[in-house]
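Below is one structure, written out as C-alpha cells, with a few remarks after it.
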Amino acid sequence: MIVMKFGGTSVGGCEEISRVVSIVRQKLDRKPVVVTSAMSKMTDLLYRIADSAENRQEEEMENLLNELRRHHVEVAEHLLVNNVDIMLETTSRLNEICDELESFTKAICVLGELSERSRALIISNGELLSSTILASTMNASGIRAVLVDARRMIVTNSNHLKAEPNIAEIESRVPRMLESECQGADVIVTQGFIASSTDGEPTVLGRGGSDYSASLIAMALNAEAIEIWTDVDGVMTADPNKVKTARRLDRISFEEAAEMAHFGAKVLHPLTIEPAIKKNIPIYVLNSKNPACEGTSILNNVHISDGVKSISYKENILVINIFSTKMINASGFLGKVFDIFSDNKVSVDLISTSEANISVTIDDGQNISKVLEELSSFATIEVDRGKAQISVVGQNLINHPGMLDKIFAPLDKERIFMVSQGASLINLSFVVDKEAMDSSIEAIHNAFFGTGKGK
Ligand code: ADP
Ligand code: ASP
Ligand code: MG
C-alpha cells in the first residue's frame with residue numbers, strides 16, 4: 001500500500017487533474033490511498049470568504065462564494081463531459097457543499113463574529129470540493145475510487161486552526177475505516193489538511209498540512225511509501241523560486257528533511273517527517289508536471305552522505321530582544337522567559353544569550369501580545385521585524401573543517417545578528433537584514449553548489 005499526496009497546483013485545473021488520474025492509474029497494483037489538497041488558491045479564497053463574513057461585507061462575500069462555486073462546477077463539467085450521470089451527481093454534490101457553506105457564512109455575516117472553530121469549518125471546504133471532483137474523475141475513467149471523509153479518520157485536539165493529531169486514535173481509525181468501507185476499491189481518495197477534534201468539532205492541521213495528513217495516514221496503515229506530488233522536481237538545494245541555479249537532491253535523510261522543512265523549505269510541511277520516522281516509511285517528493293523525473297528520496301540516514309544539502313530561509317520572522325539588568329547572576333531568568341513563551345503556545349526558533357540580553361526569533365503571525373505584556377513586567381523588550389533567517393542544512397555539517405568559513409566568507413559585507421548551531425550538528429542558522437536575505441542565500445548557494453545549472 002502507498003499513500004500519494006497531490007498538492008494544490010497538482011490538482012489546480014482540468015489538465016492537472018487528468019494528469020493525476022494517469023499518474024495514479026500506473027500505480028494501481030500498489031493499492032494507493034490518494035490524499036488531495038484543495039485546488040490551488042482555493043484555501044486562500046476561503047480565507048477571504050471567512051474574512052468578509054466576519055467584517056459583514058455581504059456583497060464581497062457573495063462574489064467570492066460565486067467564484068468558488070463557479071470554478072469547481074466548471075472544472076467538473078469539463079472533466080466529466082463524457083459521463084453525464086457522474087457529471088450530474090458530482091455537480092449536485094459540489095452545489096450541496098457550496099450551499100451549506102453559503103448558509104453558514106451568511107449566518108456569520110449577520111453576527112459579525114467569527115470563532116476559530118467557524119474559520120476551520122469554512123476553510124475545510126476546499127479539500128471537500130477537490131476530493132469530490134478527483135474521485136469522480138477517476139470513476140468516470142474506469143478506476144473504482146471510493147471517497148472517504150478524512151474528518152472521520154484524522155482526530156485531533158481542539159486547537160482548531162493548527163490542530164495536533166491524536167496518534168493513537170488515528171492509528172486505530174484509519175485501518176478500520178478503510179478496511180470496512182473500501183472493499184473492492186482500486187483507489188481510496190481522501191482529503192488532506194482537514195480533521196475533527198475528539199468532540200467532533202472541525203479542525204485543520206495548519207497551512208500546508210496535507211503533507212502531514214498523508215504521512216499520518218501512511219503511519220496508520222504501515223504503508224510502504226509516501227509520495228508527495230508537487231510542482232517542482234523534488235527537494236532542491238534551495239527554493240528554486242528564489243535561486244535559479246538550485247539543483248534537485250537525489251536523496252536526503254529524514255533528519256535533513258525535517259530541519260529544512262522546519263526552517264522554511266515550503267516543499268514539505270514541517271511535521272510530515274515525524275510519522276514517517278516512527279514507522280521508517282520512505283518519502284518520495286515528485287513533480288506531477290514531470291512524472292518521469294526521479295524526484296528526491298527521503299530515507300533513513302544510514303543511506304545518506306554527509307555535507308551541505310540545502311539553504312532554506314524564513315522571511316517572515318520577528319526577532320524579540322529581551323534586556324534585563326537582573327539577568328546578571330540571576331538563576332531562573334531564562335526559565336522564566338521561556339515559561340512565558342511556552343504558556344502562551346508561542347514557539348521559539350533561534351535563541352542567543354549574553355550577560356544582559358536574550359534574543360529569540362519566532363515565526364510572524366503568532367499572537368504575541370500576551371507574551372510581550374508578561375515579559376515587559378520584568379524586562380525591556382524590543383521587537384524587530386526587519387530581519388530574516390537563513391539556515392544551512394546537511395548531515396554532519398559541523399564536523400567538516402572549514403565549514404563555518406565557507407558559509408560566512410561570502411557574507412563578509414553583511415551584518416550577521418544571531419548565529420545558532422543546531423545541537424543535531426545538521427543545521428546552522430543565522431539572522432541577517434531582510435534586504436540582505438536574497439543576495440546572502442545566493443552567495444552561500446554559489447559557494448557550495450557553484451553557479452552553473454543543475455544536473
Ligand atoms: P504543494 O501545493 O504541492 O503542497 P507547495 O507550494 O506547498 O506545493 O510547495 C512547493 C514549493 O516549495 C515549490 O514551488 C518551491 O517554491 C518551494 N520550496 C521552498 N524550498 C524548497 C526546496 N528546498 N526544494 C524544493 N522546493 C522548495
Ligand atoms: N489547502 C491547504 C492550504 O492551502 C492545505 C495544503 O495545501 O496542504 O494550506
Ligand atoms: Mg504544500
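Residues are named by chain letter and number: chains run A, B, ... in the order of the C-alpha cells, numbers start at 1 in each chain, and ligands are numbered from 1 in the order shown.
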Exercise for the section: Step by step, measure atom-to-atom distances between ligand 3 and each residue using only C-alpha atoms and all ligand atoms, keep those at most 6 Å, then write them as a list in words. Expected result: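 Counting only C-alpha atoms and all ligand atoms, the residues within 6 Å of ligand 3 come out as Gly7, Gly208, Val267 and Leu268 of chain A.
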Practice task
Write out as a ChimeraX atom specification the residues lying within 12 Å of Val383 of chain A, counting only C-alpha atoms and excluding same-chain residues fewer than 4 positions away.
Solution key: /A:317-323,359-362,364,368-369,371-372,375-376,387
For those residues, write N, CA and C atoms to a file as a PDB file, in the first residue's frame.
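Writing the result to part38.pdb gives the following:
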```
ATOM      1  N   ILE A 317       9.810  36.583   9.989  1.00  0.00           N
ATOM      2  CA  ILE A 317      10.118  36.274  11.382  1.00  0.00           C
ATOM      3  C   ILE A 317      10.149  37.563  12.196  1.00  0.00           C
ATOM      4  N   LEU A 318      10.077  37.386  13.496  1.00  0.00           N
ATOM      5  CA  LEU A 318      10.282  38.514  14.410  1.00  0.00           C
ATOM      6  C   LEU A 318      11.483  38.179  15.263  1.00  0.00           C
ATOM      7  N   VAL A 319      12.325  39.162  15.496  1.00  0.00           N
ATOM      8  CA  VAL A 319      13.380  38.976  16.490  1.00  0.00           C
ATOM      9  C   VAL A 319      12.911  39.713  17.737  1.00  0.00           C
ATOM     10  N   ILE A 320      12.860  38.996  18.842  1.00  0.00           N
ATOM     11  CA  ILE A 320      12.478  39.646  20.101  1.00  0.00           C
ATOM     12  C   ILE A 320      13.727  39.740  20.977  1.00  0.00           C
ATOM     13  N   ASN A 321      14.105  40.961  21.301  1.00  0.00           N
ATOM     14  CA  ASN A 321      15.266  41.189  22.164  1.00  0.00           C
ATOM     15  C   ASN A 321      14.763  41.492  23.567  1.00  0.00           C
ATOM     16  N   ILE A 322      15.259  40.723  24.512  1.00  0.00           N
ATOM     17  CA  ILE A 322      14.804  40.882  25.900  1.00  0.00           C
ATOM     18  C   ILE A 322      16.005  41.342  26.724  1.00  0.00           C
ATOM     19  N   PHE A 323      15.909  42.559  27.263  1.00  0.00           N
ATOM     20  CA  PHE A 323      17.042  43.118  28.035  1.00  0.00           C
ATOM     21  C   PHE A 323      16.643  43.172  29.500  1.00  0.00           C
ATOM     22  N   SER A 359      18.032  37.048  22.879  1.00  0.00           N
ATOM     23  CA  SER A 359      17.326  37.308  21.628  1.00  0.00           C
ATOM     24  C   SER A 359      16.739  35.994  21.152  1.00  0.00           C
ATOM     25  N   VAL A 360      15.498  36.053  20.676  1.00  0.00           N
ATOM     26  CA  VAL A 360      14.888  34.857  20.098  1.00  0.00           C
ATOM     27  C   VAL A 360      14.242  35.247  18.777  1.00  0.00           C
ATOM     28  N   THR A 361      14.118  34.256  17.889  1.00  0.00           N
ATOM     29  CA  THR A 361      13.315  34.503  16.687  1.00  0.00           C
ATOM     30  C   THR A 361      12.064  33.639  16.790  1.00  0.00           C
ATOM     31  N   ILE A 362      10.955  34.171  16.268  1.00  0.00           N
ATOM     32  CA  ILE A 362       9.726  33.388  16.183  1.00  0.00           C
ATOM     33  C   ILE A 362       9.080  33.644  14.822  1.00  0.00           C
ATOM     34  N   ASP A 364       6.452  34.994  12.399  1.00  0.00           N
ATOM     35  CA  ASP A 364       5.459  36.062  12.484  1.00  0.00           C
ATOM     36  C   ASP A 364       4.063  35.433  12.301  1.00  0.00           C
ATOM     37  N   ILE A 368       1.378  37.350  19.883  1.00  0.00           N
ATOM     38  CA  ILE A 368       2.396  37.502  20.919  1.00  0.00           C
ATOM     39  C   ILE A 368       2.066  38.611  21.915  1.00  0.00           C
ATOM     40  N   SER A 369       0.839  39.136  21.850  1.00  0.00           N
ATOM     41  CA  SER A 369       0.560  40.280  22.715  1.00  0.00           C
ATOM     42  C   SER A 369       0.703  39.914  24.199  1.00  0.00           C
ATOM     43  N   VAL A 371       2.565  37.512  25.463  1.00  0.00           N
ATOM     44  CA  VAL A 371       3.985  37.264  25.742  1.00  0.00           C
ATOM     45  C   VAL A 371       4.685  38.587  26.023  1.00  0.00           C
ATOM     46  N   LEU A 372       4.434  39.579  25.159  1.00  0.00           N
ATOM     47  CA  LEU A 372       5.107  40.871  25.318  1.00  0.00           C
ATOM     48  C   LEU A 372       4.687  41.541  26.617  1.00  0.00           C
ATOM     49  N   LEU A 375       6.455  39.661  29.511  1.00  0.00           N
ATOM     50  CA  LEU A 375       7.898  39.904  29.551  1.00  0.00           C
ATOM     51  C   LEU A 375       8.184  41.330  30.020  1.00  0.00           C
ATOM     52  N   SER A 376       7.325  42.259  29.590  1.00  0.00           N
ATOM     53  CA  SER A 376       7.565  43.667  29.920  1.00  0.00           C
ATOM     54  C   SER A 376       7.487  43.937  31.415  1.00  0.00           C
ATOM     55  N   LYS A 387      14.185  41.657   9.958  1.00  0.00           N
ATOM     56  CA  LYS A 387      15.230  40.638   9.787  1.00  0.00           C
ATOM     57  C   LYS A 387      14.685  39.373   9.130  1.00  0.00           C
TER      58      LYS A 387
END
```
Exercise for the section: Write as a ChimeraX atom specification the residues around ligand 1, taking 9 Å as the cut-off and counting only C-alpha atoms and all ligand atoms. Expected result: /A:5-11,37-40,207-211,228-242,246-249,260-261,264-269,285,287-288,310-313
Handout entry: Option closest in space to ligand 2, from A:Ile273, A:Leu205, A:Val21, A:Ala135 [counting only C-alpha atoms and all ligand atoms]
Key = A:Leu205
Mind checking DSSP for segment 126-222 of chain A and telling me the helix (DSSP H, G or I) residues as a tab-separated table (two decimals) with all heavy atoms, in the first residue's frame?
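After the write, part23.tsv holds the following:
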```tsv
chain	number	residue	atom	x	y	z
A	126	GLY	N	-12.36	23.60	0.76
A	126	GLY	CA	-11.52	23.46	-0.43
A	126	GLY	C	-11.21	21.99	-0.70
A	126	GLY	O	-11.30	21.51	-1.85
A	127	GLU	N	-10.83	21.28	0.33
A	127	GLU	CA	-10.49	19.86	0.18
A	127	GLU	C	-11.73	19.02	-0.08
A	127	GLU	O	-11.68	18.04	-0.81
A	127	GLU	CB	-9.74	19.36	1.43
A	127	GLU	CG	-8.22	19.59	1.42
A	127	GLU	CD	-7.77	21.03	1.57
A	127	GLU	OE1	-8.61	21.89	1.92
A	127	GLU	OE2	-6.58	21.33	1.35
A	128	LEU	N	-12.87	19.42	0.53
A	128	LEU	CA	-14.10	18.65	0.28
A	128	LEU	C	-14.47	18.74	-1.20
A	128	LEU	O	-14.86	17.75	-1.83
A	128	LEU	CB	-15.26	19.18	1.13
A	128	LEU	CG	-15.11	18.99	2.65
A	128	LEU	CD1	-16.31	19.58	3.38
A	128	LEU	CD2	-14.97	17.51	2.99
A	129	LEU	N	-14.30	19.93	-1.78
A	129	LEU	CA	-14.66	20.13	-3.19
A	129	LEU	C	-13.67	19.41	-4.12
A	129	LEU	O	-14.08	18.67	-5.02
A	129	LEU	CB	-14.69	21.63	-3.51
A	129	LEU	CG	-15.82	22.43	-2.82
A	129	LEU	CD1	-15.52	23.93	-2.86
A	129	LEU	CD2	-17.17	22.14	-3.48
A	130	SER	N	-12.37	19.59	-3.87
A	130	SER	CA	-11.39	19.00	-4.79
A	130	SER	C	-11.45	17.47	-4.76
A	130	SER	O	-11.35	16.81	-5.79
A	130	SER	CB	-9.97	19.47	-4.44
A	130	SER	OG	-9.60	18.99	-3.17
A	131	SER	N	-11.65	16.90	-3.56
A	131	SER	CA	-11.66	15.43	-3.47
A	131	SER	C	-12.89	14.85	-4.17
A	131	SER	O	-12.82	13.77	-4.76
A	131	SER	CB	-11.61	14.98	-2.01
A	131	SER	OG	-12.71	15.53	-1.30
A	132	THR	N	-14.00	15.60	-4.15
A	132	THR	CA	-15.20	15.14	-4.84
A	132	THR	C	-14.93	15.06	-6.34
A	132	THR	O	-15.25	14.07	-7.01
A	132	THR	CB	-16.36	16.14	-4.57
A	132	THR	OG1	-16.57	16.20	-3.17
A	132	THR	CG2	-17.65	15.74	-5.26
A	133	ILE	N	-14.30	16.10	-6.88
A	133	ILE	CA	-14.00	16.12	-8.32
A	133	ILE	C	-13.01	15.01	-8.68
A	133	ILE	O	-13.18	14.29	-9.66
A	133	ILE	CB	-13.45	17.49	-8.75
A	133	ILE	CG1	-14.48	18.59	-8.46
A	133	ILE	CG2	-13.05	17.49	-10.22
A	133	ILE	CD1	-14.02	20.00	-8.81
A	134	LEU	N	-11.98	14.88	-7.85
A	134	LEU	CA	-10.93	13.90	-8.17
A	134	LEU	C	-11.49	12.47	-8.17
A	134	LEU	O	-11.25	11.70	-9.11
A	134	LEU	CB	-9.77	14.04	-7.17
A	134	LEU	CG	-8.55	13.17	-7.43
A	134	LEU	CD1	-7.97	13.44	-8.82
A	134	LEU	CD2	-7.48	13.41	-6.37
A	135	ALA	N	-12.26	12.13	-7.14
A	135	ALA	CA	-12.81	10.76	-7.07
A	135	ALA	C	-13.75	10.52	-8.26
A	135	ALA	O	-13.70	9.45	-8.89
A	135	ALA	CB	-13.55	10.56	-5.74
A	136	SER	N	-14.57	11.49	-8.60
A	136	SER	CA	-15.49	11.31	-9.73
A	136	SER	C	-14.73	11.15	-11.04
A	136	SER	O	-15.11	10.34	-11.89
A	136	SER	CB	-16.41	12.53	-9.87
A	136	SER	OG	-17.27	12.58	-8.79
A	137	THR	N	-13.67	11.93	-11.21
A	137	THR	CA	-12.91	11.84	-12.47
A	137	THR	C	-12.28	10.45	-12.59
A	137	THR	O	-12.24	9.87	-13.67
A	137	THR	CB	-11.82	12.93	-12.53
A	137	THR	OG1	-12.42	14.17	-12.18
A	137	THR	CG2	-11.20	13.03	-13.89
A	138	MET	N	-11.82	9.91	-11.47
A	138	MET	CA	-11.25	8.56	-11.51
A	138	MET	C	-12.35	7.56	-11.88
A	138	MET	O	-12.16	6.72	-12.76
A	138	MET	CB	-10.66	8.20	-10.15
A	138	MET	CG	-9.37	8.93	-9.89
A	138	MET	SD	-8.68	8.41	-8.32
A	138	MET	CE	-7.27	9.48	-8.25
A	139	ASN	N	-13.49	7.65	-11.23
A	139	ASN	CA	-14.58	6.72	-11.53
A	139	ASN	C	-15.03	6.81	-12.98
A	139	ASN	O	-15.26	5.79	-13.63
A	139	ASN	CB	-15.77	6.97	-10.58
A	139	ASN	CG	-15.52	6.30	-9.25
A	139	ASN	OD1	-15.14	5.12	-9.19
A	139	ASN	ND2	-15.69	7.02	-8.16
A	140	ALA	N	-15.09	8.04	-13.49
A	140	ALA	CA	-15.51	8.21	-14.89
A	140	ALA	C	-14.49	7.62	-15.85
A	140	ALA	O	-14.82	7.26	-16.97
A	140	ALA	CB	-15.73	9.69	-15.18
A	150	ALA	N	-11.91	12.44	5.45
A	150	ALA	CA	-10.76	12.43	6.37
A	150	ALA	C	-11.15	12.87	7.78
A	150	ALA	O	-10.48	12.50	8.75
A	150	ALA	CB	-9.67	13.35	5.82
A	151	ARG	N	-12.24	13.64	7.90
A	151	ARG	CA	-12.61	14.15	9.22
A	151	ARG	C	-13.05	13.02	10.16
A	151	ARG	O	-13.07	13.19	11.36
A	151	ARG	CB	-13.72	15.20	9.09
A	151	ARG	CG	-13.25	16.43	8.34
A	151	ARG	CD	-14.38	17.35	8.01
A	151	ARG	NE	-15.34	16.71	7.12
A	151	ARG	CZ	-16.41	17.31	6.64
A	151	ARG	NH1	-16.66	18.56	6.96
A	151	ARG	NH2	-17.23	16.69	5.82
A	152	ARG	N	-13.38	11.86	9.56
A	152	ARG	CA	-13.76	10.72	10.41
A	152	ARG	C	-12.54	9.89	10.80
A	152	ARG	O	-12.64	9.00	11.64
A	152	ARG	CB	-14.77	9.85	9.66
A	152	ARG	CG	-16.08	10.61	9.43
A	152	ARG	CD	-16.99	9.89	8.47
A	152	ARG	NE	-17.27	8.53	8.89
A	152	ARG	CZ	-17.49	7.52	8.04
A	152	ARG	NH1	-17.44	7.73	6.76
A	152	ARG	NH2	-17.74	6.31	8.50
A	167	ILE	N	-2.53	10.54	17.89
A	167	ILE	CA	-1.91	9.45	17.13
A	167	ILE	C	-2.61	8.11	17.38
A	167	ILE	O	-2.91	7.36	16.44
A	167	ILE	CB	-0.39	9.35	17.47
A	167	ILE	CG1	0.32	10.68	17.14
A	167	ILE	CG2	0.27	8.18	16.75
A	167	ILE	CD1	0.41	11.04	15.68
A	168	ALA	N	-2.88	7.81	18.66
A	168	ALA	CA	-3.47	6.50	18.98
A	168	ALA	C	-4.82	6.34	18.28
A	168	ALA	O	-5.12	5.29	17.69
A	168	ALA	CB	-3.62	6.36	20.49
A	169	GLU	N	-5.61	7.40	18.31
A	169	GLU	CA	-6.94	7.34	17.71
A	169	GLU	C	-6.84	7.20	16.17
A	169	GLU	O	-7.58	6.44	15.56
A	169	GLU	CB	-7.68	8.64	18.10
A	169	GLU	CG	-9.16	8.65	17.90
A	169	GLU	CD	-9.92	7.58	18.70
A	169	GLU	OE1	-9.50	7.22	19.82
A	169	GLU	OE2	-10.92	7.12	18.16
A	170	ILE	N	-5.89	7.91	15.59
A	170	ILE	CA	-5.70	7.83	14.13
A	170	ILE	C	-5.25	6.42	13.74
A	170	ILE	O	-5.75	5.82	12.78
A	170	ILE	CB	-4.69	8.89	13.66
A	170	ILE	CG1	-5.27	10.30	13.85
A	170	ILE	CG2	-4.27	8.68	12.20
A	170	ILE	CD1	-4.28	11.43	13.65
A	171	GLU	N	-4.32	5.88	14.54
A	171	GLU	CA	-3.83	4.54	14.22
A	171	GLU	C	-4.93	3.49	14.32
A	171	GLU	O	-4.90	2.48	13.64
A	171	GLU	CB	-2.65	4.18	15.13
A	171	GLU	CG	-1.40	4.90	14.66
A	171	GLU	CD	-0.11	4.43	15.31
A	171	GLU	OE1	-0.10	4.29	16.55
A	171	GLU	OE2	0.88	4.24	14.59
A	172	SER	N	-5.89	3.76	15.18
A	172	SER	CA	-6.97	2.77	15.28
A	172	SER	C	-8.04	3.00	14.20
A	172	SER	O	-8.55	2.07	13.61
A	172	SER	CB	-7.53	2.81	16.71
A	172	SER	OG	-8.89	3.01	16.73
A	173	ARG	N	-8.35	4.29	13.91
A	173	ARG	CA	-9.47	4.54	12.98
A	173	ARG	C	-9.14	4.30	11.51
A	173	ARG	O	-9.97	3.78	10.77
A	173	ARG	CB	-9.93	6.00	13.11
A	173	ARG	CG	-10.69	6.23	14.38
A	173	ARG	CD	-11.48	7.51	14.23
A	173	ARG	NE	-11.94	7.96	15.52
A	173	ARG	CZ	-12.86	8.89	15.69
A	173	ARG	NH1	-13.38	9.49	14.63
A	173	ARG	NH2	-13.24	9.26	16.89
A	174	VAL	N	-7.94	4.73	11.08
A	174	VAL	CA	-7.65	4.70	9.64
A	174	VAL	C	-7.77	3.28	9.07
A	174	VAL	O	-8.55	3.05	8.13
A	174	VAL	CB	-6.28	5.35	9.32
A	174	VAL	CG1	-5.90	5.15	7.87
A	174	VAL	CG2	-6.30	6.83	9.67
A	175	PRO	N	-7.04	2.29	9.62
A	175	PRO	CA	-7.15	0.96	9.02
A	175	PRO	C	-8.56	0.38	9.14
A	175	PRO	O	-9.06	-0.24	8.19
A	175	PRO	CB	-6.15	0.10	9.81
A	175	PRO	CG	-5.63	0.94	10.91
A	175	PRO	CD	-6.09	2.33	10.73
A	176	ARG	N	-9.21	0.65	10.27
A	176	ARG	CA	-10.56	0.11	10.47
A	176	ARG	C	-11.52	0.65	9.42
A	176	ARG	O	-12.23	-0.08	8.76
A	176	ARG	CB	-11.03	0.49	11.88
A	176	ARG	CG	-12.03	-0.48	12.46
A	176	ARG	CD	-12.39	-0.13	13.87
A	176	ARG	NE	-12.84	1.26	14.00
A	176	ARG	CZ	-12.59	2.03	15.05
A	176	ARG	NH1	-11.87	1.60	16.03
A	176	ARG	NH2	-13.04	3.27	15.11
A	177	MET	N	-11.48	1.98	9.23
A	177	MET	CA	-12.43	2.58	8.28
A	177	MET	C	-12.13	2.17	6.85
A	177	MET	O	-13.04	1.88	6.08
A	177	MET	CB	-12.35	4.10	8.36
A	177	MET	CG	-13.21	4.63	9.47
A	177	MET	SD	-13.37	6.39	9.29
A	177	MET	CE	-14.16	6.51	7.70
A	178	LEU	N	-10.85	2.17	6.50
A	178	LEU	CA	-10.53	1.87	5.11
A	178	LEU	C	-10.85	0.43	4.78
A	178	LEU	O	-11.31	0.11	3.68
A	178	LEU	CB	-9.07	2.21	4.80
A	178	LEU	CG	-8.70	3.70	4.94
A	178	LEU	CD1	-7.32	3.97	4.40
A	178	LEU	CD2	-9.72	4.62	4.25
A	179	GLU	N	-10.66	-0.46	5.76
A	179	GLU	CA	-10.97	-1.87	5.52
A	179	GLU	C	-12.47	-2.09	5.37
A	179	GLU	O	-12.92	-2.76	4.46
A	179	GLU	CB	-10.47	-2.70	6.69
A	179	GLU	CG	-9.60	-3.88	6.26
A	179	GLU	CD	-8.79	-4.36	7.44
A	179	GLU	OE1	-9.39	-4.96	8.35
A	179	GLU	OE2	-7.57	-4.08	7.47
A	180	SER	N	-13.24	-1.46	6.27
A	180	SER	CA	-14.67	-1.75	6.25
A	180	SER	C	-15.39	-1.04	5.10
A	180	SER	O	-16.37	-1.54	4.58
A	180	SER	CB	-15.32	-1.39	7.58
A	180	SER	OG	-15.24	-0.01	7.76
A	181	GLU	N	-14.88	0.11	4.68
A	181	GLU	CA	-15.66	0.88	3.70
A	181	GLU	C	-15.14	0.80	2.27
A	181	GLU	O	-15.76	1.33	1.37
A	181	GLU	CB	-15.71	2.35	4.14
A	181	GLU	CG	-16.46	2.49	5.44
A	181	GLU	CD	-16.65	3.93	5.86
A	181	GLU	OE1	-16.51	4.82	5.02
A	181	GLU	OE2	-16.95	4.14	7.05
A	210	SER	N	-1.62	19.24	4.28
A	210	SER	CA	-1.97	17.99	3.59
A	210	SER	C	-0.81	16.99	3.58
A	210	SER	O	-1.04	15.78	3.60
A	210	SER	CB	-2.37	18.26	2.15
A	210	SER	OG	-3.52	19.04	2.12
A	211	ASP	N	0.42	17.49	3.53
A	211	ASP	CA	1.58	16.58	3.59
A	211	ASP	C	1.53	15.80	4.90
A	211	ASP	O	1.79	14.59	4.94
A	211	ASP	CB	2.90	17.38	3.59
A	211	ASP	CG	3.06	18.27	2.39
A	211	ASP	OD1	2.57	17.93	1.31
A	211	ASP	OD2	3.70	19.35	2.53
A	212	TYR	N	1.19	16.50	5.95
A	212	TYR	CA	1.14	15.89	7.28
A	212	TYR	C	0.02	14.85	7.34
A	212	TYR	O	0.23	13.73	7.84
A	212	TYR	CB	0.90	17.01	8.31
A	212	TYR	CG	1.13	16.65	9.77
A	212	TYR	CD1	1.91	15.57	10.15
A	212	TYR	CD2	0.56	17.44	10.78
A	212	TYR	CE1	2.11	15.29	11.50
A	212	TYR	CE2	0.76	17.16	12.12
A	212	TYR	CZ	1.53	16.08	12.48
A	212	TYR	OH	1.74	15.79	13.81
A	213	SER	N	-1.15	15.18	6.76
A	213	SER	CA	-2.24	14.19	6.70
A	213	SER	C	-1.76	12.92	6.03
A	213	SER	O	-2.02	11.81	6.50
A	213	SER	CB	-3.42	14.71	5.87
A	213	SER	OG	-3.87	15.94	6.33
A	214	ALA	N	-1.04	13.08	4.90
A	214	ALA	CA	-0.59	11.91	4.14
A	214	ALA	C	0.33	11.05	4.99
A	214	ALA	O	0.20	9.82	5.00
A	214	ALA	CB	0.13	12.36	2.87
A	215	SER	N	1.24	11.67	5.73
A	215	SER	CA	2.16	10.83	6.48
A	215	SER	C	1.48	10.22	7.71
A	215	SER	O	1.82	9.12	8.13
A	215	SER	CB	3.46	11.56	6.82
A	215	SER	OG	3.26	12.48	7.81
A	216	LEU	N	0.47	10.90	8.26
A	216	LEU	CA	-0.28	10.29	9.36
A	216	LEU	C	-1.04	9.06	8.87
A	216	LEU	O	-1.06	8.01	9.54
A	216	LEU	CB	-1.27	11.31	9.95
A	216	LEU	CG	-0.65	12.44	10.78
A	216	LEU	CD1	-1.68	13.54	11.03
A	216	LEU	CD2	-0.11	11.90	12.12
A	217	ILE	N	-1.63	9.16	7.70
A	217	ILE	CA	-2.38	8.02	7.15
A	217	ILE	C	-1.40	6.88	6.83
A	217	ILE	O	-1.67	5.71	7.14
A	217	ILE	CB	-3.19	8.46	5.91
A	217	ILE	CG1	-4.32	9.41	6.36
A	217	ILE	CG2	-3.74	7.27	5.14
A	217	ILE	CD1	-5.06	10.11	5.24
A	218	ALA	N	-0.26	7.23	6.25
A	218	ALA	CA	0.74	6.21	5.92
A	218	ALA	C	1.21	5.48	7.18
A	218	ALA	O	1.35	4.26	7.20
A	218	ALA	CB	1.93	6.85	5.21
A	219	MET	N	1.42	6.26	8.24
A	219	MET	CA	1.85	5.67	9.51
A	219	MET	C	0.79	4.67	10.01
A	219	MET	O	1.10	3.55	10.39
A	219	MET	CB	2.05	6.80	10.53
A	219	MET	CG	2.26	6.35	11.95
A	219	MET	SD	1.94	7.72	13.10
A	219	MET	CE	0.16	7.84	13.00
A	220	ALA	N	-0.47	5.10	9.96
A	220	ALA	CA	-1.55	4.25	10.48
A	220	ALA	C	-1.73	2.98	9.65
A	220	ALA	O	-2.19	1.97	10.16
A	220	ALA	CB	-2.86	5.04	10.51
A	221	LEU	N	-1.33	3.03	8.39
A	221	LEU	CA	-1.51	1.86	7.51
A	221	LEU	C	-0.23	1.07	7.35
A	221	LEU	O	-0.21	0.09	6.60
A	221	LEU	CB	-1.95	2.34	6.11
A	221	LEU	CG	-3.32	3.00	6.01
A	221	LEU	CD1	-3.53	3.57	4.62
A	221	LEU	CD2	-4.42	1.98	6.33
```
Exercise for the section: Find, counting only C-alpha atoms, the residue in A:Asp412, A:Asp99, A:Asp149, A:Glu113 that gets nearest to Glu62 of chain A. Expected result: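 Between A:Asp412, A:Asp99, A:Asp149, A:Glu113, the residue approaching Glu62 of chain A most closely is A:Asp99.
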Problem - All residues 12 Å or closer to Glu60 of chain A, only C-alpha atoms, same chain fewer than 2 positions away omitted, as a count of residues only - result: 21
Exercise for the section: Do a neighbour search on Asp405 of chain A at 12 Å with only C-alpha atoms, toss out local chain neighbours closer than 6 positions, and write the hits as a ChimeraX atom specification. Expected result: /A:398,411-412,444,447-448
Written file, previous selection with C-alpha atoms, as a compact mmCIF listing (two decimals), in the first residue's frame:
```txt
# COMPACT_ATOMS: atom_id res chain seq x y z
CA ILE A 398 29.58 20.86 11.69
CA LEU A 411 28.81 37.31 3.60
CA ASP A 412 31.79 39.41 4.68
CA ILE A 444 26.14 30.79 0.06
CA ALA A 447 29.86 28.80 -2.57
CA PHE A 448 28.58 25.27 -2.03
```
Handout entry: Near-Phe254 of chain A list (7 Å; only C-alpha atoms; drop same-chain fewer than 6 positions) as a PyMOL selection string
Key = chain A and resi 273+277+298-301
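Minimum atom-to-atom distances from A:His262, A:Arg415, A:Arg144, A:Lys345 to Lys162 of chain A were compared using only C-alpha atoms, and the lowest value belongs to A:Lys345.
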Exercise for the section: Please run DSSP on the backbone and report, as a ChimeraX atom specification, all residues within segment 118-240 of chain A that come out as strand (DSSP E or B). Expected result: /A:145-148,155-156,165,187-191,194-197,202-204,225-230,236,238
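Residue nearest ligand 2 within the list A:Ser253, A:Asn399, A:Ser354, A:Thr43: A:Thr43 [criterion: smallest interatomic distance, only C-alpha atoms and all ligand atoms].
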Exercise for the section: Find the residue from A:Arg19, A:Lys27, A:Lys41, A:Arg93 that sits nearest to ligand 2; use only C-alpha atoms and all ligand atoms when measuring. Expected result: A:Lys41
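Near Ile226 of chain A, within a cut-off of 7 Å and counting only C-alpha atoms, sit the residues Ile2, Val3, Met4, Ser215, Ala218, Pro282, Ile283 and Tyr284 of chain A, with same-chain residues fewer than 5 positions away left out.
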